[in-house]
>>> print(open('data.txt').read())   # compact mmCIF, C-alpha atoms and all ligand atoms
# COMPACT_ATOMS: atom_id res chain seq x y z
CA MET S 8 181.74 -87.91 -4.56
CA THR S 9 179.24 -87.78 -1.73
CA GLY S 10 179.45 -88.54 1.96
CA ASP S 11 176.32 -90.58 1.51
CA THR S 12 177.86 -93.57 -0.27
CA VAL S 13 177.00 -95.88 2.61
CA SER S 14 173.80 -97.68 1.77
CA GLN S 15 174.69 -100.88 3.61
CA ASP S 16 175.21 -101.65 7.27
CA LEU S 17 178.90 -101.12 7.97
CA HIS S 18 178.82 -102.11 11.62
CA PRO S 19 180.15 -105.61 10.87
CA VAL S 20 183.13 -104.03 9.07
CA ARG S 21 183.80 -101.77 12.05
CA ARG S 22 183.58 -104.74 14.43
CA ARG S 23 185.98 -106.79 12.28
CA VAL S 24 188.50 -103.93 12.21
CA LEU S 25 188.25 -103.35 15.95
CA ARG S 26 188.71 -107.07 16.64
CA ARG S 27 192.17 -106.89 15.10
CA TYR S 28 193.15 -104.46 17.87
CA ALA S 29 191.62 -106.46 20.72
CA ALA S 30 195.02 -107.39 22.19
CA LEU S 31 196.43 -103.86 22.03
CA PRO S 32 196.55 -101.38 24.93
CA PRO S 33 193.34 -99.44 25.70
CA ALA S 34 194.84 -96.13 24.50
CA VAL S 35 195.45 -97.61 21.04
CA ARG S 36 192.00 -99.23 20.93
CA TRP S 37 190.41 -95.94 21.96
CA HIS S 38 192.33 -93.99 19.31
CA VAL S 39 191.46 -96.49 16.57
CA ALA S 40 187.77 -96.45 17.51
CA ALA S 41 187.76 -92.65 17.62
CA ARG S 42 189.35 -92.38 14.17
CA LEU S 43 186.80 -94.82 12.74
CA SER S 44 184.01 -92.67 14.18
CA LEU S 45 185.50 -89.38 13.02
CA CYS S 46 186.27 -90.22 9.42
CA SER S 47 185.67 -92.75 6.72
CA VAL S 48 187.27 -94.06 3.55
CA GLU S 49 183.87 -95.07 2.18
CA PRO S 50 183.53 -91.93 -0.01
CA VAL S 51 186.62 -92.92 -2.03
CA LEU S 52 186.04 -96.67 -2.04
CA PRO S 53 184.44 -96.61 -5.53
CA ARG S 54 187.69 -95.06 -6.83
CA LEU S 55 189.88 -97.91 -5.56
CA PRO S 56 191.03 -100.77 -7.77
CA ARG S 57 189.89 -104.25 -6.75
CA GLU S 58 193.43 -105.67 -7.00
CA GLY S 59 197.01 -104.41 -6.87
CA LEU S 60 198.72 -102.35 -4.17
CA LEU S 61 197.40 -99.46 -2.12
CA VAL S 62 199.79 -97.54 0.13
CA ASP S 63 198.32 -95.73 3.12
CA LEU S 64 200.91 -93.03 3.77
CA GLY S 65 200.83 -91.88 7.38
CA CYS S 66 198.60 -94.81 8.29
CA GLY S 67 198.91 -94.27 12.06
CA HIS S 68 197.71 -97.43 13.78
CA GLY S 69 196.48 -98.73 10.44
CA GLN S 70 192.73 -98.98 11.03
CA PHE S 71 191.85 -97.66 7.57
CA CYS S 72 194.20 -100.24 5.99
CA HIS S 73 192.14 -102.95 7.69
CA TRP S 74 188.90 -101.25 6.71
CA ILE S 75 189.92 -101.22 3.05
CA ALA S 76 191.11 -104.83 3.24
CA CYS S 77 187.72 -105.87 4.66
CA ARG S 78 185.89 -104.09 1.87
CA LEU S 79 188.27 -105.05 -0.96
CA PRO S 80 189.83 -108.36 0.09
CA LYS S 81 191.89 -108.89 -3.09
CA LEU S 82 193.73 -105.58 -2.76
CA SER S 83 197.13 -105.59 -1.02
CA VAL S 84 197.52 -102.79 1.49
CA LEU S 85 200.78 -101.40 2.84
CA GLY S 86 200.59 -98.94 5.71
CA LEU S 87 203.58 -96.62 6.15
CA ASP S 88 204.14 -94.24 9.03
CA PRO S 89 207.25 -92.46 10.32
CA CYS S 90 206.13 -93.06 13.91
CA ALA S 91 207.89 -96.21 15.12
CA ARG S 92 205.57 -96.63 18.09
CA ARG S 93 202.44 -96.60 15.95
CA ILE S 94 203.92 -99.02 13.46
CA ARG S 95 204.95 -101.40 16.26
CA ALA S 96 201.31 -101.44 17.37
CA ALA S 97 200.00 -101.76 13.80
CA ARG S 98 202.31 -104.71 13.10
CA ARG S 99 200.60 -106.68 15.82
CA THR S 100 197.45 -106.53 13.68
CA GLN S 101 199.08 -107.62 10.40
CA ARG S 102 197.53 -110.23 8.14
CA PRO S 103 198.61 -111.54 4.72
CA LYS S 104 197.08 -108.71 2.65
CA VAL S 105 197.78 -105.93 5.19
CA ARG S 106 201.37 -105.10 6.09
CA PHE S 107 202.93 -102.19 7.95
CA GLU S 108 206.36 -100.60 7.70
CA GLU S 109 208.01 -97.66 9.36
CA GLY S 110 208.69 -94.89 6.85
CA GLY S 111 207.55 -91.69 5.21
CA PRO S 112 207.35 -90.53 1.60
CA ALA S 113 210.96 -91.63 0.91
CA ARG S 114 209.87 -95.25 1.44
CA LEU S 115 207.67 -94.96 -1.68
CA THR S 116 210.76 -95.27 -3.89
CA GLY S 117 210.76 -98.65 -5.58
CA LEU S 118 207.09 -99.35 -4.82
CA ARG S 119 204.55 -99.16 -7.62
CA PRO S 120 201.20 -98.64 -5.92
CA GLN S 121 198.03 -98.13 -7.92
CA VAL S 122 196.79 -95.82 -5.20
CA ILE S 123 198.35 -93.71 -2.46
CA LEU S 124 196.00 -92.75 0.32
CA ALA S 125 197.02 -90.06 2.80
CA MET S 126 194.48 -89.19 5.46
CA ASP S 127 195.08 -86.25 7.75
CA ILE S 128 198.84 -86.12 7.40
CA LEU S 129 199.28 -82.81 5.54
CA TYR S 130 198.68 -80.67 8.61
CA LEU S 131 201.62 -82.36 10.33
CA CYS S 132 204.00 -81.93 7.40
CA PRO S 133 205.68 -78.50 7.03
CA LYS S 134 204.13 -76.70 4.06
CA GLU S 135 207.53 -76.20 2.46
CA ARG S 136 207.75 -79.98 2.15
CA TRP S 137 204.39 -80.53 0.48
CA PRO S 138 205.84 -80.12 -3.07
CA GLU S 139 208.41 -82.83 -2.34
CA LEU S 140 205.70 -85.06 -0.81
CA PHE S 141 203.44 -84.66 -3.86
CA LEU S 142 206.36 -85.32 -6.19
CA SER S 143 207.37 -88.52 -4.34
CA CYS S 144 203.80 -89.74 -4.67
CA ARG S 145 203.68 -88.82 -8.37
CA ARG S 146 206.95 -90.66 -9.08
CA ALA S 147 205.74 -93.73 -7.20
CA VAL S 148 202.44 -94.34 -8.97
CA GLY S 149 202.15 -95.54 -12.54
CA PRO S 150 200.51 -93.63 -15.39
CA SER S 151 197.03 -94.52 -14.15
CA GLY S 152 197.75 -94.18 -10.45
CA LEU S 153 195.76 -92.18 -7.99
CA LEU S 154 196.52 -90.00 -4.98
CA LEU S 155 193.72 -89.60 -2.45
CA LEU S 156 194.47 -86.89 0.07
CA LYS S 157 192.15 -86.14 2.93
CA GLU S 158 192.19 -83.12 5.20
CA THR S 159 189.89 -82.31 8.08
CA VAL S 160 188.98 -78.65 8.02
CA SER S 161 186.88 -76.61 10.37
CA ARG S 162 183.82 -74.77 9.07
CA ALA S 163 184.00 -72.52 12.12
CA PRO S 164 187.01 -70.14 12.07
CA TRP S 165 186.81 -69.73 15.85
CA LEU S 166 187.71 -73.42 16.19
CA PHE S 167 191.18 -73.02 14.67
CA PRO S 168 192.91 -71.84 17.85
CA LEU S 169 191.26 -74.76 19.68
CA ILE S 170 192.41 -77.30 17.08
CA LYS S 171 195.94 -75.86 17.24
CA LEU S 172 195.95 -76.19 21.00
CA GLN S 173 194.59 -79.74 20.85
CA GLU S 174 197.23 -80.75 18.29
CA SER S 175 200.03 -79.17 20.35
CA VAL S 176 198.91 -81.16 23.38
CA MET S 177 198.59 -84.41 21.37
CA THR S 178 201.95 -83.87 19.70
CA ARG S 179 204.11 -82.42 22.43
CA VAL S 180 202.60 -83.74 25.63
CA PHE S 181 201.17 -87.15 24.74
CA GLY S 182 203.34 -87.77 21.66
CA ILE S 183 200.20 -89.15 19.96
CA SER S 184 201.04 -87.48 16.65
CA SER S 185 204.44 -86.59 15.30
CA GLY S 186 205.34 -83.56 13.25
CA ILE S 187 204.64 -79.87 13.29
CA PRO S 188 201.06 -78.85 14.01
CA TYR S 189 198.98 -77.30 12.26
CA GLN S 190 199.74 -76.74 8.57
CA HIS S 191 196.91 -75.66 6.35
CA LEU S 192 196.42 -74.08 2.90
CA PRO S 193 193.32 -73.15 0.86
CA PRO S 194 192.21 -75.97 -1.45
CA ALA S 195 193.02 -74.02 -4.63
CA ARG S 196 196.62 -73.66 -3.41
CA VAL S 197 196.82 -77.38 -2.59
CA ARG S 198 195.61 -78.17 -6.13
CA GLU S 199 198.17 -75.73 -7.53
CA LEU S 200 200.97 -77.51 -5.64
CA LEU S 201 199.62 -80.87 -6.79
CA GLY S 202 199.55 -79.53 -10.36
CA ALA S 203 203.19 -78.45 -10.12
CA ALA S 204 204.05 -82.02 -9.09
CA GLY S 205 202.31 -83.51 -12.13
CA TRP S 206 198.85 -84.19 -10.71
CA ARG S 207 195.44 -82.99 -11.84
CA ALA S 208 193.24 -82.74 -8.77
CA ARG S 209 189.63 -82.20 -7.86
CA THR S 210 188.44 -81.31 -4.37
CA SER S 211 185.24 -82.44 -2.68
CA ASP S 212 184.08 -81.16 0.67
CA LEU S 213 181.95 -83.62 2.59
CA PRO S 214 180.14 -82.61 5.74
CA GLY S 215 180.78 -83.84 9.24
CA PRO S 216 181.25 -84.76 11.90
CA GLY S 217 180.18 -81.69 13.91
CA PRO S 218 181.64 -78.41 12.65
CA TYR S 219 184.22 -80.26 10.52
CA THR S 220 184.44 -80.83 6.80
CA GLN S 221 186.16 -83.89 5.35
CA ARG S 222 188.04 -82.46 2.38
CA TRP S 223 189.17 -84.97 -0.24
CA HIS S 224 191.61 -84.06 -3.00
CA VAL S 225 191.41 -86.75 -5.67
CA ALA S 226 194.49 -86.48 -7.89
CA GLU S 227 195.28 -88.26 -11.15
CA PRO S 228 198.45 -87.98 -13.23
CA ALA S 229 198.14 -84.87 -15.44
C1 LIG W 1 196.26 -87.69 12.45
S1 LIG W 1 197.29 -89.06 12.18
C2 LIG W 1 196.34 -89.86 10.91
C3 LIG W 1 196.61 -91.34 10.90
C4 LIG W 1 195.72 -92.09 9.91
N1 LIG W 1 196.02 -91.69 8.55
C5 LIG W 1 194.28 -91.86 10.22
O1 LIG W 1 193.61 -91.18 9.41
O2 LIG W 1 193.82 -92.28 11.28
C6 LIG W 1 198.67 -88.43 11.27
C7 LIG W 1 199.75 -89.46 10.98
O3 LIG W 1 200.66 -88.88 10.05
C8 LIG W 1 201.96 -89.31 10.38
N2 LIG W 1 202.90 -88.36 9.75
C9 LIG W 1 203.39 -87.20 10.25
N3 LIG W 1 204.21 -86.60 9.36
C10 LIG W 1 204.20 -87.40 8.25
C11 LIG W 1 204.85 -87.33 6.98
N4 LIG W 1 205.66 -86.32 6.65
N5 LIG W 1 204.64 -88.32 6.09
C12 LIG W 1 203.82 -89.36 6.39
N6 LIG W 1 203.17 -89.48 7.58
C13 LIG W 1 203.36 -88.51 8.49
C14 LIG W 1 201.98 -89.32 11.90
O4 LIG W 1 202.99 -90.15 12.41
C15 LIG W 1 200.57 -89.81 12.22
O5 LIG W 1 200.51 -91.20 12.42
>>> encode(input="data.txt", output="C-alpha cells")
Amino acid sequence: MTGDTVSQDLHPVRRRVLRRYAALPPAVRWHVAARLSLCSVEPVLPRLPREGLLVDLGCGHGQFCHWIACRLPKLSVLGLDPCARRIRAARRTQRPKVRFEEGGPARLTGLRPQVILAMDILYLCPKERWPELFLSCRRAVGPSGLLLLKETVSRAPWLFPLIKLQESVMTRVFGISSGIPYQHLPPARVRELLGAAGWRARTSDLPGPGPYTQRWHVAEPA
C-alpha cells in the first residue's frame, strides 16, 4: 500500500462530496472539508469490493462514505456513528447507496458487511474496549471480510501533549468528538489484539500531512 495511489485528478470527487453538504451549517461544511484535506481513503480503495456492503464505523459526518460511493458507485455504504448530532447532519446528505444510522459496534450485529472501515475512532475508544470492538467486527464480516482501521499518529513525540490538548478541547468544550481522548498503542500491540480477535493484520505507515503518519491496519480473518 502506498500513499501515492492517486494518479488521477480527484478534485471532481471532492467537489461532488462537498456538494452533498452544501445545505448544512458552516461548521459541518468546514469540518467535512478539513477531514477530506487531512486524510484519504484512496490508499485502501484497491482493497474494496466493487459490490456488496461496506460499513464505515464511526463515520462522523459521513464524508468518506460519500467519497467511496463516488468512486465505487455499485457498493452500498452504511455509515454508523454513536454521535446523534453527527448522524442527524449526515442523514441530510443521504442518497440511495449511502445511508447513515446512529450506533456503535453493537449495531454491527445482524449486518454482513464485506468490509468494515474505521477511520480515526480508536483513539476515542478506551483501550480496554478495543478487544470487544475487534471481536464485534470479526463476528460481523464473513469469511472473506476485511477490516480497515486507520489511525493518525504523530512522528514528532513533542506533538503528543498538543494533540491531547486539542482533542480535550474538541471533545469537552466544542463537543465535536465524543469519547475519551487520546488512546494509543504501538502497532505491534494493535496487531496482537486484532490477532486475539481472529484477525491477521498488516500495518502500513503512509506519510502526511505535516508531521503526521496515516497508519492503516489491514486485517483479514485469520
Ligand atoms: C475523529 S472522528 C472521525 C470521523 C470519520 N471516521 C472521519 O475519519 O472523518 C471520530 C468519530 O468516532 C466516533 N466514535 C467515538 N467512539 C466510538 C466508538 N466506540 N465506536 C464507533 N465510533 C466512535 C465519534 O463519534 C466520531 O464521530
>>> residues_near_ligand(input="data.txt", ligand="ligand LIG 1 (chain W)", cutoff="7 Å", atoms="all atoms listed in the file", output="list in words")
Arg42, Leu64, Gly65, Cys66, Gly67, His68, Gly69, Gln70, Phe71, Asp88, Pro89, Cys90, Arg93, Gly111, Pro112, Ala125, Met126, Asp127, Ile128, Leu131, Cys132, Ser184, Ser185 and Gly186 of chain S
>>> closest_residue(input="data.txt", among="S:Gln173, S:Ile94, S:Glu158, S:Ala163", to="Cys46 (chain S)", atoms="all atoms listed in the file")
S:Glu158
>>> residues_around(input="data.txt", residues="region 52-56 of chain S", least_positions_apart="2", cutoff="10 Å", atoms="all atoms listed in the file", output="CSV table (one decimal) with C-alpha atoms, in the frame of the given file")
chain,number,residue,atom,x,y,z
S,8,MET,CA,181.7,-87.9,-4.6
S,12,THR,CA,177.9,-93.6,-0.3
S,47,SER,CA,185.7,-92.8,6.7
S,48,VAL,CA,187.3,-94.1,3.6
S,49,GLU,CA,183.9,-95.1,2.2
S,50,PRO,CA,183.5,-91.9,0.0
S,58,GLU,CA,193.4,-105.7,-7.0
S,59,GLY,CA,197.0,-104.4,-6.9
S,60,LEU,CA,198.7,-102.4,-4.2
S,61,LEU,CA,197.4,-99.5,-2.1
S,75,ILE,CA,189.9,-101.2,3.0
S,78,ARG,CA,185.9,-104.1,1.9
S,79,LEU,CA,188.3,-105.0,-1.0
S,81,LYS,CA,191.9,-108.9,-3.1
S,82,LEU,CA,193.7,-105.6,-2.8
S,121,GLN,CA,198.0,-98.1,-7.9
S,122,VAL,CA,196.8,-95.8,-5.2
S,123,ILE,CA,198.4,-93.7,-2.5
S,124,LEU,CA,196.0,-92.8,0.3
S,152,GLY,CA,197.8,-94.2,-10.4
S,153,LEU,CA,195.8,-92.2,-8.0
S,155,LEU,CA,193.7,-89.6,-2.4
S,225,VAL,CA,191.4,-86.8,-5.7
>>> closest_residue(input="data.txt", among="S:Leu156, S:Ala113, S:Ser211, S:Ala40", to="Trp74 (chain S)", atoms="all atoms listed in the file")
S:Ala40
>>> atom_distance(input="data.txt", atom1="CA of Lys104 (chain S)", atom2="CA of Ala76 (chain S)")
7.1 Å
>>> residues_around(input="data.txt", residues="region 220-222 of chain S", least_positions_apart="5", cutoff="6 Å", atoms="only C-alpha atoms", output="MDAnalysis selection string")
chainID S and resid 157:160 211:215
>>> write_last_selection(input="data.txt", atoms="C-alpha atoms", output="compact mmCIF listing (two decimals), in the coordinates of the input")
# COMPACT_ATOMS: atom_id res chain seq x y z
CA LYS S 157 192.15 -86.14 2.93
CA GLU S 158 192.19 -83.12 5.20
CA THR S 159 189.89 -82.31 8.08
CA VAL S 160 188.98 -78.65 8.02
CA SER S 211 185.24 -82.44 -2.68
CA ASP S 212 184.08 -81.16 0.67
CA LEU S 213 181.95 -83.62 2.59
CA PRO S 214 180.14 -82.61 5.74
CA GLY S 215 180.78 -83.84 9.24
>>> atom_distance(input="data.txt", atom1="CA of Tyr189 (chain S)", atom2="CA of Pro228 (chain S)")
27.6 Å
>>> closest_residue(input="data.txt", among="S:Tyr130, S:Arg92, S:Leu192, S:Ser83", to="Arg106 (chain S)", atoms="only C-alpha atoms")
S:Ser83
>>> atom_distance(input="data.txt", atom1="CA of Val84 (chain S)", atom2="CA of Glu199 (chain S)")
28.5 Å
>>> closest_residue(input="data.txt", among="S:Ala96, S:Ala226, S:Pro19, S:Val197", to="Pro33 (chain S)", atoms="all atoms listed in the file")
S:Ala96
>>> residues_around(input="data.txt", residues="Thr116 (chain S)", least_positions_apart="2", cutoff="10 Å", atoms="only C-alpha atoms", output="JSON, numbers by chain")
{"S": [112, 113, 114, 118, 119, 143, 144, 146, 147, 148]}
>>> closest_residue(input="data.txt", among="S:His191, S:Arg196, S:Arg207, S:Arg99", to="Ser151 (chain S)", atoms="all atoms listed in the file")
S:Arg207
>>> closest_residue(input="data.txt", among="S:Asp63, S:Gln15, S:Ala208, S:Leu200", to="Glu108 (chain S)", atoms="all atoms listed in the file")
S:Asp63
